>>> print(open('target_29.cif').read())   # mmCIF, C-alpha atoms (C1' of nucleotides)
data_structure
#
loop_
_atom_site.label_atom_id
_atom_site.label_comp_id
_atom_site.auth_asym_id
_atom_site.auth_seq_id
_atom_site.Cartn_x
_atom_site.Cartn_y
_atom_site.Cartn_z
CA MET X 1 -29.27 -35.83 -14.70
CA GLU X 2 -32.81 -35.12 -13.51
CA GLU X 3 -31.38 -34.75 -10.03
CA LEU X 4 -28.92 -32.13 -11.24
CA LYS X 5 -31.67 -30.27 -13.04
CA ASN X 6 -33.62 -30.15 -9.83
CA ILE X 7 -30.66 -28.84 -7.90
CA LEU X 8 -30.45 -25.92 -10.31
CA LYS X 9 -34.19 -25.29 -10.29
CA MET X 10 -34.27 -25.32 -6.52
CA HIS X 11 -31.73 -22.52 -6.59
CA ASN X 12 -33.61 -20.56 -9.26
CA ILE X 13 -30.97 -21.15 -11.87
CA SER X 14 -32.31 -22.12 -15.26
CA PRO X 15 -30.76 -25.43 -16.26
CA SER X 16 -28.98 -24.65 -19.50
CA LEU X 17 -26.86 -27.32 -21.12
CA HIS X 18 -23.61 -25.72 -20.10
CA ARG X 19 -24.66 -25.28 -16.52
CA LEU X 20 -25.83 -28.86 -16.30
CA LYS X 21 -22.60 -30.18 -17.73
CA ILE X 22 -20.48 -28.10 -15.38
CA LEU X 23 -22.59 -29.16 -12.43
CA GLU X 24 -22.37 -32.78 -13.52
CA TYR X 25 -18.61 -32.54 -13.60
CA ILE X 26 -18.34 -31.08 -10.13
CA HIS X 27 -20.96 -33.40 -8.74
CA ARG X 28 -18.84 -36.49 -9.24
CA PRO X 29 -17.54 -37.68 -5.90
CA TYR X 30 -14.20 -36.40 -4.60
CA THR X 31 -13.64 -33.69 -7.16
CA HIS X 32 -11.68 -30.60 -6.27
CA SER X 33 -11.41 -29.15 -9.71
CA THR X 34 -9.97 -25.93 -11.00
CA ALA X 35 -11.83 -23.86 -13.55
CA ASP X 36 -9.28 -24.81 -16.14
CA GLU X 37 -9.65 -28.51 -15.46
CA ILE X 38 -13.41 -28.27 -15.88
CA PHE X 39 -13.00 -26.30 -19.05
CA GLN X 40 -10.62 -28.80 -20.57
CA ALA X 41 -12.76 -31.76 -19.62
CA LEU X 42 -15.95 -30.31 -21.11
CA GLU X 43 -14.39 -28.76 -24.18
CA LYS X 44 -14.45 -32.15 -25.88
CA ASP X 45 -18.22 -32.53 -25.54
CA ILE X 46 -19.08 -28.87 -26.03
CA PRO X 47 -16.64 -27.47 -28.57
CA THR X 48 -18.11 -23.98 -28.40
CA LEU X 49 -17.64 -23.75 -24.65
CA SER X 50 -15.82 -20.64 -23.48
CA LYS X 51 -13.70 -20.41 -20.39
CA THR X 52 -15.53 -17.29 -19.37
CA THR X 53 -18.71 -19.35 -19.21
CA VAL X 54 -17.02 -21.77 -16.86
CA TYR X 55 -15.95 -18.92 -14.61
CA ASN X 56 -19.36 -17.27 -14.79
CA THR X 57 -21.14 -20.48 -14.00
CA LEU X 58 -18.88 -21.37 -11.12
CA LYS X 59 -19.44 -17.93 -9.67
CA THR X 60 -23.19 -18.33 -10.01
CA PHE X 61 -23.13 -21.74 -8.36
CA GLU X 62 -20.99 -20.46 -5.54
CA LYS X 63 -23.21 -17.47 -4.89
CA ASN X 64 -26.19 -19.78 -4.69
CA GLY X 65 -24.48 -22.15 -2.31
CA ILE X 66 -24.37 -25.11 -4.67
CA ILE X 67 -20.60 -25.40 -4.63
CA SER X 68 -17.76 -24.28 -2.41
CA ALA X 69 -14.60 -22.54 -3.51
CA LEU X 70 -11.39 -23.61 -1.82
CA SER X 71 -8.61 -21.05 -1.81
CA ILE X 72 -6.19 -23.14 0.13
CA PHE X 73 -4.35 -24.87 -2.65
CA GLU X 74 -1.58 -22.52 -3.59
CA ASN X 75 -2.64 -20.16 -6.33
CA GLU X 76 -5.57 -21.93 -7.97
CA THR X 77 -9.09 -21.88 -6.69
CA ARG X 78 -10.66 -25.31 -6.54
CA TYR X 79 -14.36 -26.05 -6.49
CA GLU X 80 -16.33 -28.85 -4.93
CA PHE X 81 -19.96 -29.74 -4.63
CA LYS X 82 -21.25 -28.50 -1.31
CA LYS X 83 -21.87 -31.27 1.16
CA GLN X 84 -21.46 -32.05 4.82
CA GLU X 85 -18.58 -30.15 6.29
CA HIS X 86 -15.21 -31.82 6.11
CA ALA X 87 -11.52 -31.13 6.16
CA HIS X 88 -9.17 -31.35 3.21
CA PHE X 89 -6.01 -33.33 3.17
CA LYS X 90 -3.36 -32.90 0.51
CA CYS X 91 -0.62 -35.44 0.04
CA GLU X 92 2.82 -33.88 -0.18
CA LYS X 93 4.06 -36.70 -2.36
CA CYS X 94 1.42 -37.38 -4.98
CA GLY X 95 -0.53 -34.15 -4.62
CA GLU X 96 -3.87 -35.89 -4.37
CA ILE X 97 -6.58 -34.26 -2.31
CA PHE X 98 -8.75 -36.23 0.08
CA ASP X 99 -11.86 -35.28 1.98
CA ILE X 100 -11.69 -36.01 5.65
CA ALA X 101 -14.71 -36.29 7.91
CA HIS X 102 -13.57 -34.00 10.62
CA PRO X 103 -14.25 -33.84 14.30
CA PHE X 104 -14.15 -30.11 14.81
CA ASP X 105 -17.81 -29.25 14.69
CA PHE X 106 -17.64 -27.93 18.21
CA LEU X 107 -16.12 -24.76 16.79
CA LYS X 108 -18.98 -23.72 14.58
CA GLU X 109 -21.31 -20.98 15.68
CA THR X 110 -19.29 -20.43 18.78
CA GLU X 111 -17.04 -17.77 20.24
CA LEU X 112 -13.27 -17.77 20.34
CA GLU X 113 -11.18 -15.00 21.87
CA GLY X 114 -14.14 -12.68 21.54
CA HIS X 115 -14.78 -13.34 17.84
CA PHE X 116 -17.92 -15.01 16.61
CA ILE X 117 -16.96 -17.97 14.43
CA LYS X 118 -19.25 -18.74 11.55
CA ASN X 119 -17.18 -20.95 9.34
CA GLN X 120 -14.10 -23.04 9.57
CA LEU X 121 -11.77 -24.39 7.01
CA ILE X 122 -9.35 -27.11 7.89
CA TYR X 123 -6.47 -28.06 5.69
CA LEU X 124 -4.14 -30.90 6.45
CA LYS X 125 -0.90 -31.92 4.80
CA GLY X 126 1.16 -35.04 5.02
CA ILE X 127 1.60 -38.39 3.31
CA CYS X 128 -1.50 -40.15 2.06
CA ARG X 129 -2.33 -43.79 2.72
CA ASN X 130 -1.49 -44.77 -0.83
CA CYS X 131 1.97 -43.27 -0.72
CA LEU X 132 2.58 -44.71 2.75
CA GLN X 133 1.83 -48.17 1.44
CA LYS X 134 4.14 -47.74 -1.52
CA THR X 135 6.96 -46.83 0.86
CA GLU X 136 6.31 -49.86 3.02
CA ASN X 137 6.42 -52.20 0.06
CA ALA X 138 9.56 -50.68 -1.33
CA MET M 139 17.95 -5.19 14.65
CA GLU M 140 20.78 -7.31 16.01
CA GLU M 141 18.23 -9.99 16.75
CA LEU M 142 17.05 -9.96 13.14
CA LYS M 143 20.59 -10.16 11.90
CA ASN M 144 21.12 -13.23 14.02
CA ILE M 145 17.98 -14.86 12.70
CA LEU M 146 19.35 -14.53 9.19
CA LYS M 147 22.81 -15.68 10.14
CA MET M 148 21.41 -18.71 11.91
CA HIS M 149 19.77 -19.69 8.66
CA ASN M 150 22.90 -19.06 6.61
CA ILE M 151 21.43 -16.06 4.86
CA SER M 152 23.75 -13.12 4.61
CA PRO M 153 22.07 -10.11 6.21
CA SER M 154 21.94 -7.57 3.42
CA LEU M 155 20.12 -4.31 3.99
CA HIS M 156 17.13 -5.31 1.89
CA ARG M 157 16.75 -8.65 3.59
CA LEU M 158 16.96 -7.06 7.00
CA LYS M 159 14.36 -4.48 6.14
CA ILE M 160 11.98 -7.06 4.74
CA LEU M 161 12.46 -9.30 7.75
CA GLU M 162 11.95 -6.33 10.04
CA TYR M 163 8.65 -5.58 8.38
CA ILE M 164 7.35 -9.12 8.68
CA HIS M 165 8.66 -9.49 12.18
CA ARG M 166 6.32 -6.87 13.59
CA PRO M 167 3.58 -8.58 15.59
CA TYR M 168 0.33 -9.59 13.87
CA THR M 169 1.41 -8.97 10.31
CA HIS M 170 -0.04 -10.99 7.51
CA SER M 171 1.39 -9.00 4.67
CA THR M 172 1.28 -9.46 0.95
CA ALA M 173 4.39 -9.00 -1.16
CA ASP M 174 2.94 -5.83 -2.57
CA GLU M 175 2.22 -4.39 0.87
CA ILE M 176 5.80 -5.01 1.93
CA PHE M 177 7.10 -3.49 -1.26
CA GLN M 178 5.04 -0.34 -0.88
CA ALA M 179 5.96 0.08 2.75
CA LEU M 180 9.70 -0.24 2.15
CA GLU M 181 9.86 1.67 -1.10
CA LYS M 182 9.86 4.91 0.86
CA ASP M 183 13.01 4.02 2.78
CA ILE M 184 14.75 2.18 -0.04
CA PRO M 185 13.88 3.96 -3.26
CA THR M 186 15.87 1.54 -5.40
CA LEU M 187 13.99 -1.47 -4.05
CA SER M 188 12.58 -3.75 -6.68
CA LYS M 189 9.48 -5.87 -6.29
CA THR M 190 11.36 -8.87 -7.62
CA THR M 191 13.72 -8.55 -4.68
CA VAL M 192 10.79 -8.67 -2.32
CA TYR M 193 9.52 -11.83 -3.97
CA ASN M 194 12.98 -13.37 -4.07
CA THR M 195 13.61 -12.58 -0.46
CA LEU M 196 10.26 -13.90 0.69
CA LYS M 197 10.89 -17.12 -1.16
CA THR M 198 14.31 -17.44 0.44
CA PHE M 199 12.89 -16.81 3.89
CA GLU M 200 10.14 -19.31 3.33
CA LYS M 201 12.49 -22.02 2.10
CA ASN M 202 14.60 -21.53 5.20
CA GLY M 203 11.63 -21.72 7.51
CA ILE M 204 11.84 -18.15 8.75
CA ILE M 205 8.39 -17.20 7.54
CA SER M 206 5.20 -18.98 6.56
CA ALA M 207 3.16 -18.38 3.43
CA LEU M 208 -0.60 -18.41 3.81
CA SER M 209 -2.54 -19.27 0.71
CA ILE M 210 -5.93 -19.15 2.33
CA PHE M 211 -6.82 -15.54 1.75
CA GLU M 212 -8.44 -15.50 -1.63
CA ASN M 213 -5.94 -14.74 -4.37
CA GLU M 214 -3.05 -13.14 -2.55
CA THR M 215 -0.38 -14.99 -0.67
CA ARG M 216 0.25 -13.54 2.73
CA TYR M 217 3.38 -13.96 4.77
CA GLU M 218 3.95 -14.09 8.50
CA PHE M 219 6.90 -14.62 10.75
CA LYS M 220 6.99 -18.25 11.78
CA LYS M 221 6.01 -18.82 15.36
CA GLN M 222 4.02 -21.16 17.52
CA GLU M 223 1.27 -22.80 15.54
CA HIS M 224 -2.01 -20.98 15.48
CA ALA M 225 -5.21 -20.62 13.53
CA HIS M 226 -6.20 -17.61 11.46
CA PHE M 227 -9.45 -15.79 11.77
CA LYS M 228 -10.69 -13.34 9.19
CA CYS M 229 -13.51 -10.94 9.91
CA GLU M 230 -16.15 -10.90 7.22
CA LYS M 231 -16.99 -7.29 8.00
CA CYS M 232 -13.74 -5.41 8.37
CA GLY M 233 -11.46 -7.94 6.71
CA GLU M 234 -8.94 -7.88 9.51
CA ILE M 235 -6.97 -11.03 10.22
CA PHE M 236 -6.40 -12.28 13.74
CA ASP M 237 -4.14 -14.99 15.06
CA ILE M 238 -5.88 -17.48 17.28
CA ALA M 239 -4.11 -19.78 19.69
CA HIS M 240 -5.74 -23.01 18.70
CA PRO M 241 -6.49 -26.14 20.58
CA PHE M 242 -6.03 -28.69 17.81
CA ASP M 243 -2.53 -29.85 18.49
CA PHE M 244 -3.78 -33.36 19.00
CA LEU M 245 -3.91 -33.71 15.24
CA LYS M 246 -0.26 -33.15 14.54
CA GLU M 247 1.98 -36.07 13.74
CA THR M 248 -0.93 -38.44 13.94
CA GLU M 249 -2.92 -40.60 11.61
CA LEU M 250 -6.34 -39.87 10.15
CA GLU M 251 -8.21 -42.20 7.85
CA GLY M 252 -4.94 -43.90 7.00
CA HIS M 253 -3.08 -40.70 6.09
CA PHE M 254 -0.14 -39.43 8.07
CA ILE M 255 -0.78 -35.83 9.06
CA LYS M 256 2.24 -33.57 9.25
CA ASN M 257 0.76 -30.11 9.18
CA GLN M 258 -2.51 -28.46 9.73
CA LEU M 259 -3.89 -25.16 8.69
CA ILE M 260 -6.97 -23.78 10.30
CA TYR M 261 -8.88 -20.89 8.91
CA LEU M 262 -11.88 -19.38 10.61
CA LYS M 263 -14.33 -16.81 9.40
CA GLY M 264 -16.93 -14.76 11.19
CA ILE M 265 -17.38 -11.42 12.90
CA CYS M 266 -14.50 -10.10 14.95
CA ARG M 267 -14.78 -8.76 18.47
CA ASN M 268 -14.35 -5.19 17.28
CA CYS M 269 -17.18 -5.38 14.79
CA LEU M 270 -19.39 -7.19 17.29
CA GLN M 271 -18.92 -4.35 19.73
CA LYS M 272 -19.74 -1.73 17.12
CA THR M 273 -23.00 -3.54 16.35
CA GLU M 274 -23.92 -3.66 20.03
CA ASN M 275 -23.37 0.03 20.48
CA ALA M 276 -25.31 0.97 17.37
"C1'" DT I 277 45.21 -2.83 -4.33
"C1'" DT I 278 43.58 -5.26 -8.12
"C1'" DA I 279 41.04 -8.94 -10.46
"C1'" DC I 280 37.95 -12.44 -10.22
"C1'" DA I 281 34.33 -15.23 -8.48
"C1'" DT I 282 30.25 -15.13 -6.04
"C1'" DG I 283 26.21 -13.42 -4.30
"C1'" DT I 284 22.57 -9.81 -4.58
"C1'" DT I 285 19.55 -6.76 -6.78
"C1'" DT I 286 17.27 -4.80 -10.63
"C1'" DG I 287 14.05 -4.13 -14.49
"C1'" DC I 288 11.51 -5.89 -17.81
"C1'" DA I 289 9.11 -9.32 -20.15
"C1'" DA I 290 6.37 -13.44 -19.72
"C1'" DT I 291 3.01 -16.36 -17.53
"C1'" DC I 292 -1.11 -17.72 -15.45
"C1'" DA I 293 -5.56 -17.29 -13.20
"C1'" DT I 294 -9.27 -14.42 -13.27
"C1'" DT I 295 -12.39 -10.58 -14.57
"C1'" DA I 296 -14.57 -6.85 -17.46
"C1'" DC I 297 -17.15 -5.94 -21.08
"C1'" DA I 298 -19.50 -5.58 -25.20
"C1'" DA I 299 -21.16 -8.23 -28.99
"C1'" DA I 300 -23.46 -12.36 -30.53
"C1'" DT I 301 -26.54 -15.93 -29.72
"C1'" DT I 302 -30.27 -18.34 -27.62
"C1'" DT I 303 -34.49 -18.64 -25.10
"C1'" DA I 304 -38.72 -17.09 -23.25
"C1'" DT I 305 -42.72 -14.18 -23.65
"C1'" DA I 306 -46.21 -11.14 -25.44
"C1'" DT L 307 -43.37 -13.39 -35.26
"C1'" DA L 308 -41.29 -9.51 -32.78
"C1'" DT L 309 -39.18 -8.21 -28.67
"C1'" DA L 310 -37.17 -8.47 -24.23
"C1'" DA L 311 -34.32 -11.03 -21.22
"C1'" DA L 312 -31.00 -14.32 -20.25
"C1'" DT L 313 -26.95 -16.79 -21.67
"C1'" DT L 314 -22.72 -17.41 -23.91
"C1'" DT L 315 -18.76 -15.95 -26.36
"C1'" DG L 316 -14.23 -13.81 -27.46
"C1'" DT L 317 -11.06 -10.66 -26.58
"C1'" DA L 318 -8.76 -7.49 -23.90
"C1'" DA L 319 -7.42 -6.10 -19.33
"C1'" DT L 320 -5.83 -6.86 -14.65
"C1'" DG L 321 -3.03 -8.39 -11.01
"C1'" DA L 322 -0.02 -11.58 -8.72
"C1'" DT L 323 4.00 -13.96 -9.55
"C1'" DT L 324 8.10 -15.77 -12.01
"C1'" DG L 325 12.08 -16.07 -15.41
"C1'" DC L 326 15.96 -14.20 -16.87
"C1'" DA L 327 19.83 -11.68 -18.11
"C1'" DA L 328 22.21 -7.56 -17.04
"C1'" DA L 329 24.02 -4.53 -13.46
"C1'" DC L 330 25.90 -4.00 -9.16
"C1'" DA L 331 28.15 -5.01 -4.76
"C1'" DT L 332 31.02 -7.78 -1.87
"C1'" DG L 333 34.55 -10.82 -0.35
"C1'" DT L 334 38.78 -13.21 -1.25
"C1'" DA L 335 43.18 -14.52 -3.04
"C1'" DA L 336 47.12 -13.15 -5.50
#
>>> encode(input="target_29.cif", output="structure tokens")
Amino acid sequence: MEELKNILKMHNISPSLHRLKILEYIHRPYTHSTADEIFQALEKDIPTLSKTTVYNTLKTFEKNGIISALSIFENETRYEFKKQEHAHFKCEKCGEIFDIAHPFDFLKETELEGHFIKNQLIYLKGICRNCLQKTENA
Amino acid sequence: MEELKNILKMHNISPSLHRLKILEYIHRPYTHSTADEIFQALEKDIPTLSKTTVYNTLKTFEKNGIISALSIFENETRYEFKKQEHAHFKCEKCGEIFDIAHPFDFLKETELEGHFIKNQLIYLKGICRNCLQKTENA
DNA sequence: TTACATGTTTGCAATCATTACAAATTTATA
DNA sequence: TATAAATTTGTAATGATTGCAAACATGTAA
């Protein structure tokens, strides 16, 4: 919790309870949460929490580079704690999302067909290892 | 126009006027259109056109593999005629979207961290060649 | 040609994620 | 303690998309 507080302070965001709780939720490993998911999870602890606050806070975090917003999952925006760059894999069967350490760093800060590439986003789809195993055993 | 008709027929979709017009619009090179954009463009020619028809038609085309839906551009879904796989580049300055012939085919139909990869989606951001040139000349 | 079944299109209402905004509340500061 | 500033809330608005039932068009068989 102290660590989270420091993250906020380092980004000049005052660590209010709500902000800390939201950050805590996103900070758990392998989360790719929607605003609604976060809201529903925290509502229990903080009954006065408003969804607008969740949206506001997520926007603040994103602006300050603490989290990343992923627009690649159909209509809902998903948020994750910013960390080393990686690809995202979504299983077509179970819908689970996995982070994948990806080997495409050679693209960053380079030129492609005359355009200067700053960022890359890689999204993979297929069948995840869990679902593959289930099929084998069936 | 005959070509478009054949595309529909080959996918067992009867080539009604509306469907042909919508397909024609998407078939133009380098389009990454939203449903609304298509609707507004065709409304002039087909005054009775309804937006629901545009959505219905796009969904039909997508199901039949004629077009691809891109969810990566913030909130709006964009559609493009299905063709050879490629990456998408969006310019941070002018917002224009470019297709990029991409060199990542090695990923397809392969395995990564235990998951079976079927599809990949690559999204790049940066400054496009046009905007770069403008900056140089300024 | 008519009548019916089928497929297509329409228009409107509903949904869902997100944002705008102003009021209420809390916190920090003088 | 009073006041300013920041934070949070609640509600209404927006915008993309979907559901649905009615209207319309088309093809087919009698």
>>> interface_residues(input="target_29.cif", of="chain L", to="chain X", cutoff="10 Å", atoms="all atoms listed in the file", output="PyMOL selection string")
chain L and resi 312-316+322-323
>>> atom_distance(input="target_29.cif", atom1="atom CA of Glu234 of chain M", atom2="atom C1' of DT295 of chain I")
24.5 Å
>>> interface_residues(input="target_29.cif", of="chain X", to="chain M", cutoff="12 Å", atoms="all atoms listed in the file", output="MDAnalysis selection string")
chainID X and resid 69:78 87:93 96:104 106:133
>>> write_last_selection(input="target_29.cif", atoms="C-alpha atoms", output="CSV table (one decimal), in the frame of the given file")
chain,number,residue,atom,x,y,z
X,69,ALA,CA,-14.6,-22.5,-3.5
X,70,LEU,CA,-11.4,-23.6,-1.8
X,71,SER,CA,-8.6,-21.0,-1.8
X,72,ILE,CA,-6.2,-23.1,0.1
X,73,PHE,CA,-4.4,-24.9,-2.6
X,74,GLU,CA,-1.6,-22.5,-3.6
X,75,ASN,CA,-2.6,-20.2,-6.3
X,76,GLU,CA,-5.6,-21.9,-8.0
X,77,THR,CA,-9.1,-21.9,-6.7
X,78,ARG,CA,-10.7,-25.3,-6.5
X,87,ALA,CA,-11.5,-31.1,6.2
X,88,HIS,CA,-9.2,-31.4,3.2
X,89,PHE,CA,-6.0,-33.3,3.2
X,90,LYS,CA,-3.4,-32.9,0.5
X,91,CYS,CA,-0.6,-35.4,0.0
X,92,GLU,CA,2.8,-33.9,-0.2
X,93,LYS,CA,4.1,-36.7,-2.4
X,96,GLU,CA,-3.9,-35.9,-4.4
X,97,ILE,CA,-6.6,-34.3,-2.3
X,98,PHE,CA,-8.8,-36.2,0.1
X,99,ASP,CA,-11.9,-35.3,2.0
X,100,ILE,CA,-11.7,-36.0,5.6
X,101,ALA,CA,-14.7,-36.3,7.9
X,102,HIS,CA,-13.6,-34.0,10.6
X,103,PRO,CA,-14.2,-33.8,14.3
X,104,PHE,CA,-14.2,-30.1,14.8
X,106,PHE,CA,-17.6,-27.9,18.2
X,107,LEU,CA,-16.1,-24.8,16.8
X,108,LYS,CA,-19.0,-23.7,14.6
X,109,GLU,CA,-21.3,-21.0,15.7
X,110,THR,CA,-19.3,-20.4,18.8
X,111,GLU,CA,-17.0,-17.8,20.2
X,112,LEU,CA,-13.3,-17.8,20.3
X,113,GLU,CA,-11.2,-15.0,21.9
X,114,GLY,CA,-14.1,-12.7,21.5
X,115,HIS,CA,-14.8,-13.3,17.8
X,116,PHE,CA,-17.9,-15.0,16.6
X,117,ILE,CA,-17.0,-18.0,14.4
X,118,LYS,CA,-19.2,-18.7,11.6
X,119,ASN,CA,-17.2,-21.0,9.3
X,120,GLN,CA,-14.1,-23.0,9.6
X,121,LEU,CA,-11.8,-24.4,7.0
X,122,ILE,CA,-9.4,-27.1,7.9
X,123,TYR,CA,-6.5,-28.1,5.7
X,124,LEU,CA,-4.1,-30.9,6.4
X,125,LYS,CA,-0.9,-31.9,4.8
X,126,GLY,CA,1.2,-35.0,5.0
X,127,ILE,CA,1.6,-38.4,3.3
X,128,CYS,CA,-1.5,-40.2,2.1
X,129,ARG,CA,-2.3,-43.8,2.7
X,130,ASN,CA,-1.5,-44.8,-0.8
X,131,CYS,CA,2.0,-43.3,-0.7
X,132,LEU,CA,2.6,-44.7,2.8
X,133,GLN,CA,1.8,-48.2,1.4
>>> atom_distance(input="target_29.cif", atom1="atom C1' of DA319 of chain L", atom2="atom CA of Gly65 of chain X")
29.0 Å
>>> interface_residues(input="target_29.cif", of="chain I", to="chain M", cutoff="12 Å", atoms="all atoms listed in the file", output="compact mmCIF listing (two decimals) with C-alpha atoms (C1' of nucleotides), in the coordinates of the input")
# COMPACT_ATOMS: atom_id res chain seq x y z
C1' DG I 283 26.21 -13.42 -4.30
C1' DT I 284 22.57 -9.81 -4.58
C1' DT I 285 19.55 -6.76 -6.78
C1' DT I 286 17.27 -4.80 -10.63
C1' DG I 287 14.05 -4.13 -14.49
C1' DC I 288 11.51 -5.89 -17.81
C1' DA I 293 -5.56 -17.29 -13.20
C1' DT I 294 -9.27 -14.42 -13.27
